[in-house]
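Here is the structure we will look at.
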Amino acid sequence: MRDAAINLRALPEQRDLIDQAASAVGKTRSDFMLEAACERAQSVLLDQVFFRLDADKFEQFVALLDAPPKPNPGLERLMAVKAPWDTLPA
């Protein structure tokens with residue numbers, strides 16, 4: 001059960017737009033807004049290029065980046081398949 005309140009103020013036109021979109025997908029205003037806000041929050045966080053590591057974790061990270069890739073038979077099979085546009089007659 002949800003028990004954390006999030007309150008915000010909107011212009012009537014904004015509320016009406018949100019209500020119209022929520023209705024179009026069969027959701028309540030709250031469900032629609034919460035879903036949209038969470039999707040945006042995840043997108044923002046996934047787009048972050050800066051992250052902090054302590055010295056030990058940084059050394060582990062750099063070692064992983066510098067290590068040669070491990071064999072991946074599935075990827076090798078995938079890369080061996082010709083793309084559909086490469087098999088079309090000229």
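Following the order of the structure tokens, chains are lettered A, B, ..., residues in each are numbered from 1, and ligands are numbered from 1.
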At a cut-off of 12 Å, using only C-alpha atoms, what residues contact range 2-5 of chain A? Leave out same-chain residues fewer than 3 positions from it and give the result as a ChimeraX atom specification. /A:8,30-31,34
Go ahead and write the residues just picked, C-alpha atoms, as a PDB file, in the first residue's frame.
```pdb
ATOM      1  CA  LEU A   8       2.111  19.510  -6.211  1.00  0.00           C
ATOM      2  CA  SER A  30      -2.324   9.664  -9.563  1.00  0.00           C
ATOM      3  CA  ASP A  31      -1.314   6.408 -11.240  1.00  0.00           C
ATOM      4  CA  LEU A  34       3.405   8.501 -10.642  1.00  0.00           C
TER       5      LEU A  34
END
```
To one decimal place, how far is CA of Ile18 in chain A from CA of Ala37 in chain A in Å? 12.2 Å
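What separates CA of Ala36 in chain A from CA of Arg15 in chain A is a distance of 14.0 Å.
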